[in-house]
>>> print(open('start01.cif').read())   # mmCIF, C-alpha atoms
data_structure
#
loop_
_atom_site.label_atom_id
_atom_site.label_comp_id
_atom_site.auth_asym_id
_atom_site.auth_seq_id
_atom_site.Cartn_x
_atom_site.Cartn_y
_atom_site.Cartn_z
CA MET Z 120 -23.19 -122.43 -38.82
CA SER Z 121 -22.70 -118.73 -37.98
CA ALA Z 122 -19.39 -117.42 -36.68
CA SER Z 123 -21.01 -116.31 -33.40
CA LEU Z 124 -22.49 -119.73 -32.72
CA LEU Z 125 -19.20 -121.45 -33.56
CA THR Z 126 -17.41 -119.12 -31.15
CA LEU Z 127 -19.90 -119.95 -28.40
CA ILE Z 128 -19.37 -123.68 -28.92
CA LEU Z 129 -15.57 -123.34 -28.82
CA VAL Z 130 -15.66 -121.19 -25.68
CA PHE Z 131 -18.07 -123.60 -24.00
CA ALA Z 132 -15.77 -126.54 -24.79
CA ALA Z 133 -12.74 -124.65 -23.43
CA LEU Z 134 -14.57 -123.75 -20.21
CA LEU Z 135 -15.70 -127.34 -19.77
CA ILE Z 136 -12.11 -128.58 -20.10
CA VAL Z 137 -10.88 -125.98 -17.59
CA GLN Z 138 -13.63 -126.97 -15.14
CA LEU Z 139 -12.70 -130.66 -15.40
CA VAL Z 140 -8.99 -129.93 -14.94
CA TYR Z 141 -9.81 -127.81 -11.87
CA ILE Z 142 -11.84 -130.64 -10.33
CA ILE Z 143 -9.16 -133.26 -11.05
CA ILE Z 144 -6.29 -131.15 -9.69
CA GLY Z 145 -8.34 -130.34 -6.59
CA LYS Z 146 -8.68 -134.06 -5.87
CA ILE Z 147 -5.02 -134.85 -6.63
CA GLN Z 148 -3.68 -132.00 -4.50
CA PRO Z 149 -6.26 -131.40 -1.74
CA GLU Z 150 -3.65 -129.62 0.41
CA ARG Z 151 -3.47 -126.73 -2.08
CA ASP Z 152 -5.86 -123.80 -1.81
CA TYR Z 153 -7.46 -123.42 -5.24
CA ARG Z 154 -10.52 -121.47 -4.11
CA LEU Z 155 -9.45 -118.34 -5.96
CA ILE Z 156 -9.21 -120.31 -9.19
CA GLY Z 157 -12.65 -121.80 -8.57
CA THR Z 158 -14.02 -118.31 -8.06
CA ARG Z 159 -12.53 -117.17 -11.36
CA ILE Z 160 -13.97 -120.15 -13.21
CA LYS Z 161 -17.42 -119.31 -11.83
CA THR Z 162 -16.92 -115.80 -13.18
CA TRP Z 163 -16.06 -117.22 -16.60
CA TRP Z 164 -19.27 -119.25 -16.63
CA GLY Z 165 -21.29 -116.22 -15.56
CA MET Z 166 -19.81 -113.96 -18.21
CA PHE Z 167 -20.19 -116.71 -20.82
CA PHE Z 168 -23.88 -116.85 -19.92
CA ILE Z 169 -24.18 -113.08 -20.34
CA PHE Z 170 -22.34 -113.35 -23.67
CA CYS Z 171 -24.81 -116.03 -24.79
CA LEU Z 172 -27.73 -113.78 -23.86
CA ALA Z 173 -26.21 -110.90 -25.80
CA THR Z 174 -25.44 -113.04 -28.84
CA LEU Z 175 -28.48 -115.29 -29.05
CA PHE Z 176 -31.12 -112.88 -27.76
CA ASN Z 177 -30.62 -109.11 -27.67
CA GLN Z 178 -28.58 -106.31 -26.16
CA ILE Z 179 -31.19 -105.44 -23.53
CA VAL Z 180 -30.85 -108.78 -21.75
CA SER Z 181 -27.08 -108.36 -21.62
CA LEU Z 182 -27.46 -104.79 -20.33
CA LEU Z 183 -29.79 -105.86 -17.52
CA SER Z 184 -27.53 -108.76 -16.56
CA LEU Z 185 -24.52 -106.49 -16.21
CA MET Z 186 -26.58 -103.93 -14.31
CA VAL Z 187 -27.50 -106.60 -11.76
CA LEU Z 188 -23.82 -107.57 -11.51
CA THR Z 189 -22.80 -104.00 -10.70
CA PHE Z 190 -25.57 -103.75 -8.08
CA PHE Z 191 -24.36 -106.82 -6.17
CA ALA Z 192 -20.72 -105.75 -6.44
CA LEU Z 193 -21.58 -102.31 -5.03
CA LYS Z 194 -23.76 -103.86 -2.32
CA GLU Z 195 -20.92 -106.09 -1.15
CA TYR Z 196 -18.53 -103.16 -1.19
CA TYR Z 197 -20.87 -101.18 1.04
CA SER Z 198 -21.22 -104.17 3.38
CA MET Z 199 -17.51 -103.81 4.19
CA ILE Z 200 -17.81 -100.17 5.24
CA ARG Z 201 -18.43 -99.38 8.88
CA THR Z 202 -21.44 -97.13 8.56
CA ARG Z 203 -23.67 -95.03 10.73
CA LYS Z 204 -27.36 -94.35 10.34
CA ALA Z 205 -26.56 -91.01 8.69
CA ASP Z 206 -24.83 -92.82 5.82
CA ARG Z 207 -27.75 -95.00 4.76
CA ARG Z 208 -29.47 -92.27 2.79
CA LEU Z 209 -26.21 -91.70 0.94
CA PHE Z 210 -26.07 -95.37 -0.05
CA LEU Z 211 -29.67 -95.27 -1.23
CA TRP Z 212 -29.00 -92.35 -3.56
CA SER Z 213 -25.88 -94.04 -4.89
CA TYR Z 214 -27.91 -97.15 -5.80
CA LEU Z 215 -30.24 -94.94 -7.82
CA ALA Z 216 -27.26 -93.92 -9.96
CA ILE Z 217 -26.99 -97.47 -11.33
CA PRO Z 218 -30.15 -97.51 -13.51
CA LEU Z 219 -29.37 -93.98 -14.71
CA GLN Z 220 -25.85 -94.94 -15.74
CA PHE Z 221 -27.16 -97.91 -17.70
CA TYR Z 222 -29.96 -95.84 -19.21
CA TRP Z 223 -27.35 -93.58 -20.82
CA ILE Z 224 -25.85 -96.73 -22.34
CA TYR Z 225 -29.25 -97.88 -23.58
CA ILE Z 226 -29.95 -94.63 -25.44
CA GLY Z 227 -26.35 -94.43 -26.68
CA TRP Z 228 -25.59 -91.09 -25.02
CA TYR Z 229 -21.83 -91.48 -24.67
CA GLY Z 230 -21.27 -87.92 -23.46
CA MET Z 231 -23.51 -88.38 -20.43
CA PHE Z 232 -22.32 -91.94 -19.82
CA ILE Z 233 -18.72 -90.81 -19.50
CA VAL Z 234 -19.32 -87.81 -17.18
CA PHE Z 235 -22.41 -88.78 -15.17
CA ILE Z 236 -20.68 -90.51 -12.23
CA PRO Z 237 -17.26 -88.80 -12.32
CA ILE Z 238 -18.78 -85.29 -12.45
CA TYR Z 239 -22.51 -84.99 -11.74
CA VAL Z 240 -22.78 -87.71 -9.11
CA PHE Z 241 -19.53 -86.51 -7.58
CA LEU Z 242 -20.95 -83.01 -7.21
CA LEU Z 243 -24.44 -83.98 -6.05
CA LEU Z 244 -23.69 -87.02 -3.87
CA PRO Z 245 -22.73 -85.01 -0.73
CA LEU Z 246 -26.13 -83.26 -0.56
CA PRO Z 247 -28.09 -86.09 1.12
CA ARG Z 248 -25.29 -86.39 3.69
CA LEU Z 249 -25.17 -82.65 4.37
CA ILE Z 250 -28.87 -82.06 4.96
CA ASN Z 251 -29.63 -82.42 8.66
CA LYS Z 252 -26.84 -84.95 9.18
CA GLY Z 253 -24.04 -82.81 10.57
CA THR Z 254 -20.36 -82.90 9.68
CA GLY Z 255 -19.10 -85.90 11.67
CA GLY Z 256 -17.54 -88.51 9.40
CA PHE Z 257 -18.56 -86.56 6.29
CA LEU Z 258 -15.36 -87.02 4.30
CA ARG Z 259 -15.03 -90.74 4.99
CA SER Z 260 -18.63 -91.58 4.13
CA VAL Z 261 -18.83 -89.47 0.95
CA SER Z 262 -15.40 -90.43 -0.40
CA SER Z 263 -15.87 -94.15 0.27
CA THR Z 264 -19.28 -94.05 -1.42
CA GLN Z 265 -17.85 -92.27 -4.47
CA TRP Z 266 -14.99 -94.77 -4.65
CA GLY Z 267 -17.52 -97.60 -4.77
CA LEU Z 268 -19.49 -95.94 -7.55
CA MET Z 269 -16.39 -95.30 -9.62
CA LEU Z 270 -15.07 -98.84 -9.35
CA MET Z 271 -18.17 -101.04 -9.21
CA VAL Z 272 -20.56 -99.02 -11.39
CA PHE Z 273 -18.60 -96.69 -13.65
CA GLY Z 274 -15.73 -99.11 -14.28
CA LEU Z 275 -17.84 -102.22 -14.87
CA SER Z 276 -20.51 -100.39 -16.90
CA HIS Z 277 -17.99 -100.04 -19.74
CA MET Z 278 -18.55 -103.72 -20.52
CA ALA Z 279 -22.23 -103.02 -21.12
CA TYR Z 280 -21.47 -100.26 -23.62
CA PHE Z 281 -19.63 -102.49 -26.11
CA PRO Z 282 -22.74 -104.14 -27.66
CA PHE Z 283 -24.35 -100.70 -28.09
CA ALA Z 284 -21.23 -98.96 -29.39
CA THR Z 285 -20.52 -101.72 -31.91
CA PRO Z 286 -23.30 -104.32 -32.33
CA GLN Z 287 -21.17 -106.24 -34.83
CA TYR Z 288 -18.19 -106.81 -32.55
CA GLY Z 289 -19.51 -105.94 -29.08
CA GLY Z 290 -20.22 -109.43 -27.77
CA GLY Z 291 -16.88 -110.78 -28.94
CA LEU Z 292 -14.98 -107.84 -27.45
CA VAL Z 293 -16.63 -108.34 -24.05
CA LEU Z 294 -15.79 -112.03 -24.06
CA PHE Z 295 -12.22 -111.26 -25.20
CA LEU Z 296 -11.83 -108.80 -22.32
CA VAL Z 297 -13.26 -111.11 -19.66
CA LEU Z 298 -11.30 -114.17 -20.74
CA LEU Z 299 -7.98 -112.30 -20.81
CA THR Z 300 -8.64 -110.55 -17.50
CA GLN Z 301 -9.59 -113.71 -15.65
CA LEU Z 302 -6.82 -115.75 -17.29
CA ASN Z 303 -4.31 -113.12 -16.19
CA ASP Z 304 -5.52 -113.43 -12.58
CA VAL Z 305 -5.49 -117.22 -12.56
CA VAL Z 306 -2.03 -117.58 -14.15
CA HIS Z 307 -0.65 -115.00 -11.73
CA TYR Z 308 -2.11 -116.89 -8.77
CA VAL Z 309 -1.02 -120.37 -9.93
CA ALA Z 310 2.48 -119.28 -10.95
CA SER Z 311 2.93 -117.47 -7.63
CA MET Z 312 1.80 -120.59 -5.79
CA TYR Z 313 4.28 -122.94 -7.50
CA ILE Z 314 7.29 -120.82 -8.47
CA GLY Z 315 6.73 -117.46 -6.79
CA LYS Z 316 9.47 -116.33 -4.41
CA ARG Z 317 9.65 -112.54 -4.52
CA LYS Z 318 6.43 -110.93 -3.29
CA ILE Z 319 5.47 -107.62 -4.85
CA VAL Z 320 3.41 -106.17 -1.99
CA PRO Z 321 3.47 -108.68 0.90
CA THR Z 322 1.57 -106.40 3.27
CA SER Z 323 -1.33 -105.93 0.84
CA ASN Z 324 -1.61 -109.17 -1.11
CA PRO Z 325 0.72 -112.09 -0.28
CA TYR Z 326 -0.38 -113.99 -3.41
CA LEU Z 327 1.18 -111.52 -5.87
CA THR Z 328 4.78 -112.26 -6.84
CA TRP Z 329 7.10 -111.00 -9.56
CA GLU Z 330 7.37 -114.51 -11.02
CA GLY Z 331 3.58 -114.75 -11.17
CA PHE Z 332 3.34 -111.32 -12.76
CA ALA Z 333 5.85 -112.26 -15.48
CA CYS Z 334 4.06 -115.54 -16.27
CA ALA Z 335 0.66 -113.84 -16.35
CA PHE Z 336 1.96 -111.06 -18.59
CA VAL Z 337 3.31 -113.52 -21.17
CA ALA Z 338 0.28 -115.83 -20.95
CA THR Z 339 -2.20 -112.97 -21.41
CA ILE Z 340 -0.40 -111.65 -24.49
CA ALA Z 341 -0.22 -115.18 -25.94
CA ALA Z 342 -3.94 -115.78 -25.26
CA ALA Z 343 -4.79 -112.44 -26.90
CA TYR Z 344 -2.84 -113.46 -29.99
CA ILE Z 345 -4.63 -116.83 -30.18
CA ALA Z 346 -8.15 -115.50 -29.52
CA HIS Z 347 -8.16 -112.26 -31.50
CA PRO Z 348 -9.01 -113.74 -34.94
CA TYR Z 349 -12.18 -115.30 -33.51
CA LEU Z 350 -13.42 -112.56 -31.18
CA THR Z 351 -12.07 -109.23 -32.45
CA PRO Z 352 -11.33 -107.26 -35.64
CA PHE Z 353 -7.87 -106.36 -34.31
CA GLY Z 354 -4.61 -106.69 -36.18
CA THR Z 355 -1.69 -108.61 -34.69
CA GLY Z 356 0.29 -105.56 -33.56
CA PHE Z 357 -2.61 -103.96 -31.71
CA THR Z 358 -3.58 -107.32 -30.19
CA LEU Z 359 -0.16 -107.73 -28.58
CA ILE Z 360 -0.33 -104.19 -27.17
CA ILE Z 361 -3.86 -104.61 -25.80
CA GLY Z 362 -2.92 -107.96 -24.24
CA ALA Z 363 -0.09 -106.25 -22.37
CA LEU Z 364 -2.38 -103.40 -21.26
CA ILE Z 365 -5.04 -105.81 -19.98
CA SER Z 366 -2.42 -107.70 -17.99
CA LEU Z 367 -1.06 -104.50 -16.42
CA ALA Z 368 -4.51 -103.04 -15.71
CA GLY Z 369 -5.70 -106.35 -14.26
CA PHE Z 370 -2.74 -106.45 -11.89
CA PHE Z 371 -3.37 -102.91 -10.62
CA GLY Z 372 -7.10 -103.59 -10.31
CA SER Z 373 -6.57 -106.74 -8.27
CA LEU Z 374 -4.00 -104.99 -6.09
CA THR Z 375 -6.23 -101.96 -5.50
CA ILE Z 376 -9.24 -104.03 -4.45
CA SER Z 377 -7.01 -106.16 -2.20
CA VAL Z 378 -5.72 -103.07 -0.41
CA LEU Z 379 -9.23 -101.64 -0.22
CA LYS Z 380 -10.63 -104.78 1.39
CA ARG Z 381 -7.79 -105.07 3.89
CA ASP Z 382 -8.24 -101.43 4.89
CA LEU Z 383 -12.01 -101.70 5.32
CA LEU Z 384 -11.98 -105.10 7.05
CA ILE Z 385 -9.20 -104.58 9.59
CA GLY Z 386 -10.22 -106.48 12.72
CA ASP Z 387 -13.08 -108.35 11.02
CA SER Z 388 -11.49 -111.61 9.87
CA GLY Z 389 -14.85 -113.42 9.70
CA LYS Z 390 -16.29 -111.04 7.12
CA ALA Z 391 -13.00 -111.00 5.21
CA GLU Z 392 -13.11 -114.78 4.87
CA ALA Z 393 -16.75 -114.71 3.77
CA LEU Z 394 -16.00 -112.14 1.06
CA LYS Z 395 -13.24 -114.20 -0.58
CA GLU Z 396 -15.80 -115.79 -2.88
CA SER Z 397 -17.96 -112.69 -3.29
CA TYR Z 398 -18.95 -110.84 -6.44
CA LEU Z 399 -16.34 -108.25 -5.56
CA SER Z 400 -13.55 -110.84 -5.59
CA ARG Z 401 -14.66 -112.04 -9.03
CA VAL Z 402 -14.74 -108.64 -10.74
CA ASP Z 403 -11.88 -106.82 -9.00
CA SER Z 404 -9.57 -106.79 -12.02
CA LEU Z 405 -12.42 -105.98 -14.43
CA THR Z 406 -13.01 -102.66 -12.65
CA TYR Z 407 -9.70 -101.54 -14.17
CA THR Z 408 -9.41 -103.54 -17.37
CA ALA Z 409 -12.92 -102.70 -18.66
CA PRO Z 410 -12.47 -98.89 -18.90
CA VAL Z 411 -8.86 -99.17 -20.11
CA PHE Z 412 -9.80 -101.64 -22.86
CA PHE Z 413 -12.90 -99.66 -23.85
CA HIS Z 414 -11.19 -96.29 -24.24
CA VAL Z 415 -8.09 -97.60 -26.01
CA VAL Z 416 -10.25 -99.47 -28.54
CA ARG Z 417 -12.55 -96.45 -28.97
CA TYR Z 418 -9.58 -94.16 -29.54
CA VAL Z 419 -7.94 -96.40 -32.15
CA PHE Z 420 -10.91 -97.80 -34.11
CA ASP Z 421 -13.70 -95.98 -35.94
CA PHE Z 422 -16.33 -98.70 -35.34
CA MET Z 423 -16.62 -97.60 -31.70
#
>>> encode(input="start01.cif", output="structure tokens")
Amino acid sequence: MSASLLTLILVFAALLIVQLVYIIIGKIQPERDYRLIGTRIKTWWGMFFIFCLATLFNQIVSLLSLMVLTFFALKEYYSMIRTRKADRRLFLWSYLAIPLQFYWIYIGWYGMFIVFIPIYVFLLLPLPRLINKGTGGFLRSVSSTQWGLMLMVFGLSHMAYFPFATPQYGGGLVLFLVLLTQLNDVVHYVASMYIGKRKIVPTSNPYLTWEGFACAFVATIAAAYIAHPYLTPFGTGFTLIIGALISLAGFFGSLTISVLKRDLLIGDSGKAEALKESYLSRVDSLTYTAPVFFHVVRYVFDFM
């Protein structure tokens, strides 16, 4: 049995156990709100499916799957923005940036991949809004669109680059990243629910507490240490450092998206409730952890 297939079987068994525990606890304690955990578990299953496609089939299938994920995340982000008719053309052009960004990954053009959205799209994106659309609301519409592209497309697209940058380790690195990121979120949420007392930013996200942060930080580093021999070529020292970085980046990513949603959805409680189980809620932390993990690994190791 190959190492990749054995890893898939072990991960599948672990996910199945987590799913069963979630169902049992939900029935034992129906008064508790475990919807966030359920959302994270769904994300784990989705990313496990993408990992299976990348491992058992080819890189193209994985690339297309992640491209679709970024599209829906960006679409849901735009659905939160109060727009005018003049902004729709801007959104259309921003959607066209998605296949281009993933095309640079497909051909392995790292230089263009890393500057396309932060520089070229940033410079060219205002043009559709300027032509015959006036100046009213220009800054808000352009800046909010660019923010969405940076987080939902540029940030998440780093996951798609791993299998192309390092075919030998790419699939394992993506799974390592996703598992640690989602575990960090779940432990933070559960620990805050049971033992959390001191809220970090009560006005932005009442679920984040210092006790939850400490538990998630330790749990993520421990999980990195346990998983790294099976999914990565990392040594022990680097694994502990990268586990800490993923925990920190995941916290800031979750906090940033929380603040963003509360700002955009002020006065629209119905839409805010509907978006709690959206694609955006499932990948919020990954928008930060994916680029941080990618660039640290690329800087340290030659195989990237």
>>> residues_around(input="start01.cif", residues="Ile217 (chain Z)", least_positions_apart="6", cutoff="8 Å", atoms="all atoms listed in the file", output="list of chain:residue names")
Z:Met186, Z:Thr189, Z:Phe190, Z:Val272
>>> closest_residue(input="start01.cif", among="Z:Leu134, Z:Ile142, Z:Leu193, Z:Ala363", to="Phe210 (chain Z)", atoms="all atoms listed in the file")
Z:Leu193
>>> closest_residue(input="start01.cif", among="Z:Val306, Z:Met231, Z:Ala338, Z:Leu211", to="Tyr197 (chain Z)", atoms="all atoms listed in the file")
Z:Leu211
>>> closest_residue(input="start01.cif", among="Z:Leu135, Z:Met271, Z:Val234, Z:Ile156", to="Asn303 (chain Z)", atoms="all atoms listed in the file")
Z:Ile156
>>> closest_residue(input="start01.cif", among="Z:Trp223, Z:Phe167, Z:Phe332, Z:Phe281", to="Val305 (chain Z)", atoms="all atoms listed in the file")
Z:Phe332
>>> closest_residue(input="start01.cif", among="Z:Met423, Z:Ala284, Z:Leu405, Z:Leu364", to="Tyr225 (chain Z)", atoms="all atoms listed in the file")
Z:Ala284
>>> build_atoms(input="start01.cif", residues="region 253-268 of chain Z", atoms="N, CA, C and O atoms", output="mmCIF file, in the frame of the given file")
data_model
loop_
_atom_site.group_PDB
_atom_site.id
_atom_site.type_symbol
_atom_site.label_atom_id
_atom_site.label_comp_id
_atom_site.auth_asym_id
_atom_site.auth_seq_id
_atom_site.Cartn_x
_atom_site.Cartn_y
_atom_site.Cartn_z
ATOM 1 N N GLY Z 253 -25.246 -83.256 9.901
ATOM 2 C CA GLY Z 253 -24.040 -82.810 10.570
ATOM 3 C C GLY Z 253 -22.789 -83.035 9.748
ATOM 4 O O GLY Z 253 -22.840 -83.407 8.582
ATOM 5 N N THR Z 254 -21.636 -82.802 10.387
ATOM 6 C CA THR Z 254 -20.360 -82.900 9.680
ATOM 7 C C THR Z 254 -19.526 -84.087 10.119
ATOM 8 O O THR Z 254 -18.510 -84.373 9.494
ATOM 9 N N GLY Z 255 -19.892 -84.769 11.166
ATOM 10 C CA GLY Z 255 -19.100 -85.900 11.670
ATOM 11 C C GLY Z 255 -18.998 -87.024 10.672
ATOM 12 O O GLY Z 255 -20.003 -87.549 10.203
ATOM 13 N N GLY Z 256 -17.767 -87.409 10.330
ATOM 14 C CA GLY Z 256 -17.540 -88.510 9.400
ATOM 15 C C GLY Z 256 -17.923 -88.215 7.973
ATOM 16 O O GLY Z 256 -18.036 -89.135 7.152
ATOM 17 N N PHE Z 257 -18.090 -86.929 7.632
ATOM 18 C CA PHE Z 257 -18.560 -86.560 6.290
ATOM 19 C C PHE Z 257 -17.596 -87.019 5.200
ATOM 20 O O PHE Z 257 -18.000 -87.660 4.230
ATOM 21 N N LEU Z 258 -16.319 -86.707 5.352
ATOM 22 C CA LEU Z 258 -15.360 -87.020 4.300
ATOM 23 C C LEU Z 258 -15.244 -88.518 4.070
ATOM 24 O O LEU Z 258 -15.229 -88.977 2.915
ATOM 25 N N ARG Z 259 -15.184 -89.294 5.139
ATOM 26 C CA ARG Z 259 -15.030 -90.740 4.990
ATOM 27 C C ARG Z 259 -16.238 -91.349 4.287
ATOM 28 O O ARG Z 259 -16.098 -92.163 3.370
ATOM 29 N N SER Z 260 -17.439 -90.956 4.703
ATOM 30 C CA SER Z 260 -18.630 -91.580 4.130
ATOM 31 C C SER Z 260 -18.829 -91.197 2.673
ATOM 32 O O SER Z 260 -19.136 -92.044 1.829
ATOM 33 N N VAL Z 261 -18.624 -89.924 2.331
ATOM 34 C CA VAL Z 261 -18.830 -89.470 0.950
ATOM 35 C C VAL Z 261 -17.744 -90.027 0.030
ATOM 36 O O VAL Z 261 -18.034 -90.521 -1.068
ATOM 37 N N SER Z 262 -16.497 -89.959 0.459
ATOM 38 C CA SER Z 262 -15.400 -90.430 -0.400
ATOM 39 C C SER Z 262 -15.463 -91.930 -0.608
ATOM 40 O O SER Z 262 -15.227 -92.416 -1.727
ATOM 41 N N SER Z 263 -15.782 -92.695 0.431
ATOM 42 C CA SER Z 263 -15.870 -94.150 0.270
ATOM 43 C C SER Z 263 -17.037 -94.533 -0.625
ATOM 44 O O SER Z 263 -16.945 -95.490 -1.411
ATOM 45 N N THR Z 264 -18.132 -93.783 -0.546
ATOM 46 C CA THR Z 264 -19.280 -94.050 -1.420
ATOM 47 C C THR Z 264 -18.927 -93.755 -2.872
ATOM 48 O O THR Z 264 -19.241 -94.527 -3.785
ATOM 49 N N GLN Z 265 -18.248 -92.629 -3.116
ATOM 50 C CA GLN Z 265 -17.850 -92.270 -4.470
ATOM 51 C C GLN Z 265 -16.853 -93.270 -5.045
ATOM 52 O O GLN Z 265 -16.910 -93.615 -6.223
ATOM 53 N N TRP Z 266 -15.945 -93.750 -4.218
ATOM 54 C CA TRP Z 266 -14.990 -94.770 -4.650
ATOM 55 C C TRP Z 266 -15.738 -96.015 -5.134
ATOM 56 O O TRP Z 266 -15.398 -96.605 -6.166
ATOM 57 N N GLY Z 267 -16.741 -96.426 -4.375
ATOM 58 C CA GLY Z 267 -17.520 -97.600 -4.770
ATOM 59 C C GLY Z 267 -18.225 -97.402 -6.093
ATOM 60 O O GLY Z 267 -18.250 -98.303 -6.942
ATOM 61 N N LEU Z 268 -18.803 -96.219 -6.295
ATOM 62 C CA LEU Z 268 -19.490 -95.940 -7.550
ATOM 63 C C LEU Z 268 -18.525 -95.926 -8.731
ATOM 64 O O LEU Z 268 -18.840 -96.430 -9.820
#
